[in-house]
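Peer 1: Once you've had a glance at the structure underneath, I'll fire off some questions.
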Amino acid sequence: MRFDWCLPGHAIRMNGGHVTQRVRQGRRFGLADGPGVVAQCRDLTRQVLDEWFGPRGLLDSTAVGDALLLVSEVVTNACVHGGEPYELRFDRRDGRLWVGVSDRSSVRPRPDGPHRPARASGHGLYLLQKLSTAWGWMPTGQGKTVWFEIRVADTAGLAGSG
């Protein structure tokens with residue numbers, strides 16, 4: 001579980017879910033409180049993937065489905081267990097996509113006992129373990145960030161170089 005390339009020291013300004021400043025290969029989005037935040041985050045994820053990899057590139061692969069599912073799970077967990085999420089962040093490097101969701105709770109994510117497939121809920125952390133190459137969390141000044149990485153196609157020569 002590595003976090004060293006997430007560029008935590010770079011400042012960025014956000015305005016209502018829109019990036020107003022870009023950071024290297026990363027994007028940050030401020031999130032609005034209220035219903036629809038999970039769908040908003042899926043839409044932002046697809047927008048970033050389209051920008052970086054082109055609509056016919058990565059979007060046809062398993063990686064994009066995994067990214068969209070994991071964003072939905074992490075944002076839902078933030079809503080249920082951590083208060084409203086306030087930031088969605090993306091970074092890419094060396095064939096990896098890093099995604100972080102920040103919320104206002106400092107409580108670390110932990111499974112509610114062993115995974116039970118027949119349960120109607122409680123699958124988010126299990127899916128993170130199974131579908132990501134790495135995941136974790138880190139405290140922030142306003143709560144915590146839960147993050148994950150997935151492998152993606154080599155970014156050389158793909159759309160949206162930055």
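Chain identifiers are assigned as A, B, and so on, following the order in which chains appear in the structure tokens; residues are numbered from 1 within each chain, and ligands are numbered from 1 in order of appearance.
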Determine, using only C-alpha atoms, which residues of range 44-125 of chain A have any atom at most 10 Å from an atom of range 142-149 of chain A, and tabulate each with its shortest atom pair and distance in Å to one decimal place, rows ordered by chain and then rising number, as a Markdown table.
Peer 2:
| residue | atom | partner | partner_atom | distance |
| --- | --- | --- | --- | --- |
| A:Ala67 | CA | A:Glu149 | CA | 8.8 |
| A:Leu70 | CA | A:Phe148 | CA | 8.2 |
| A:Val71 | CA | A:Phe148 | CA | 9.0 |
| A:Val74 | CA | A:Val146 | CA | 7.2 |
| A:Val75 | CA | A:Val146 | CA | 9.2 |
| A:Asn77 | CA | A:Val146 | CA | 9.7 |
| A:Ala78 | CA | A:Val146 | CA | 8.7 |
| A:Gly82 | CA | A:Gly143 | CA | 8.4 |
| A:Gly83 | CA | A:Gly143 | CA | 9.7 |
| A:Pro85 | CA | A:Thr145 | CA | 9.2 |
| A:Tyr86 | CA | A:Gln142 | CA | 9.5 |
| A:Glu87 | CA | A:Thr145 | CA | 8.7 |
| A:Leu88 | CA | A:Thr145 | CA | 9.2 |
| A:Arg89 | CA | A:Trp147 | CA | 8.9 |
| A:Phe90 | CA | A:Trp147 | CA | 9.5 |
| A:Asp91 | CA | A:Glu149 | CA | 9.3 |
| A:Arg92 | CA | A:Glu149 | CA | 9.1 |
| A:Arg96 | CA | A:Glu149 | CA | 6.3 |
| A:Leu97 | CA | A:Glu149 | CA | 5.4 |
| A:Trp98 | CA | A:Glu149 | CA | 4.4 |
| A:Val99 | CA | A:Trp147 | CA | 5.4 |
| A:Gly100 | CA | A:Trp147 | CA | 4.1 |
| A:Val101 | CA | A:Thr145 | CA | 5.4 |
| A:Ser102 | CA | A:Thr145 | CA | 4.1 |
| A:Asp103 | CA | A:Gly143 | CA | 5.8 |
| A:Arg104 | CA | A:Gly143 | CA | 4.1 |
| A:Ser105 | CA | A:Gly143 | CA | 4.5 |
| A:Ser106 | CA | A:Gly143 | CA | 4.4 |
| A:Val107 | CA | A:Lys144 | CA | 7.7 |
| A:Arg108 | CA | A:Lys144 | CA | 7.7 |
| A:Pro109 | CA | A:Val146 | CA | 7.9 |
Peer 1: Report as a PyMOL selection string: the residues of range 100-158 of chain A with a DSSP assignment of helix (DSSP H, G or I), based on the backbone of this structure.
Peer 2: chain A and resi 124-131
Peer 1: Please provide as a list in words all residues within 9 Å of Val152 in chain A, with the sequence filter that same-chain residues fewer than 3 positions apart are discarded (counting only C-alpha atoms).
Peer 2: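 With the cut-off at 9 Å, the set is Leu58, Ser61, Ala63, Val64, Arg92, Asp94, Gly95, Arg96, Leu97 and Thr155 of chain A.
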Peer 1: Nearest residue to Trp137 in chain A out of A:Cys79, A:Gly122, A:Glu84, A:Arg110, using only C-alpha atoms?
Peer 2: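 Of A:Cys79, A:Gly122, A:Glu84, A:Arg110, the one nearest Trp137 in chain A, counting only C-alpha atoms, is A:Arg110.
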Peer 1: May I ask which of the residues A:Ser121, A:Thr140, A:Ser72, A:Ser132 is the closest one to Asp43 in chain A, counting only C-alpha atoms?
Peer 2: A:Ser72
Peer 1: For the atom pair CA of Asp112 in chain A and CA of Ala134 in chain A, what is the interatomic distance in Å to one decimal place?
Peer 2: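 Between CA of Asp112 in chain A and CA of Ala134 in chain A the gap works out to 19.8 Å.
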Peer 1: Find, counting only C-alpha atoms, the residue in A:Arg46, A:His115, A:His123, A:Arg27 that gets nearest to Glu73 in chain A.
Peer 2: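 Of the candidates, the smallest distance to Glu73 in chain A is held by A:His123.
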Peer 1: For a quick check of understanding, using only C-alpha atoms, which of A:Gly124, A:Thr76, A:Arg93, A:Arg151 has the smallest distance to Val37 in chain A?
Peer 2: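 Using only C-alpha atoms, Val37 in chain A sits closest to A:Thr76.
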Peer 1: Between CA of Phe29 in chain A and CA of Phe53 in chain A, what is the distance, to one decimal in Å?
Peer 2: 18.6 Å
Peer 1: From a DSSP pass on the backbone, collect the residues of range 17-122 of chain A flagged as strand (DSSP E) and hand them back as a list of chain:residue names.
Peer 2: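 Strand (DSSP E) members of range 17-122 of chain A, listed: A:His18, A:Val19, A:Arg27, A:Arg28, A:Phe29, A:Gly30, A:Pro85, A:Tyr86, A:Glu87, A:Leu88, A:Arg89, A:Phe90, A:Asp91, A:Arg92, A:Arg93, A:Arg96, A:Leu97, A:Trp98, A:Val99, A:Gly100, A:Val101, A:Ser102, A:Asp103.
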Peer 1: Between A:Gly141, A:Gly54, A:Gly26, A:Pro111, which residue has the minimum interatomic distance to Leu128 in chain A, considering only C-alpha atoms?
Peer 2: A:Pro111
Peer 1: Determine the nearest neighbour of Glu51 in chain A from the options A:Lys130, A:Leu68, A:Gln25, A:Val80, counting only C-alpha atoms.
Peer 2: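 That would be A:Gln25, the residue with the smallest distance to Glu51 in chain A.
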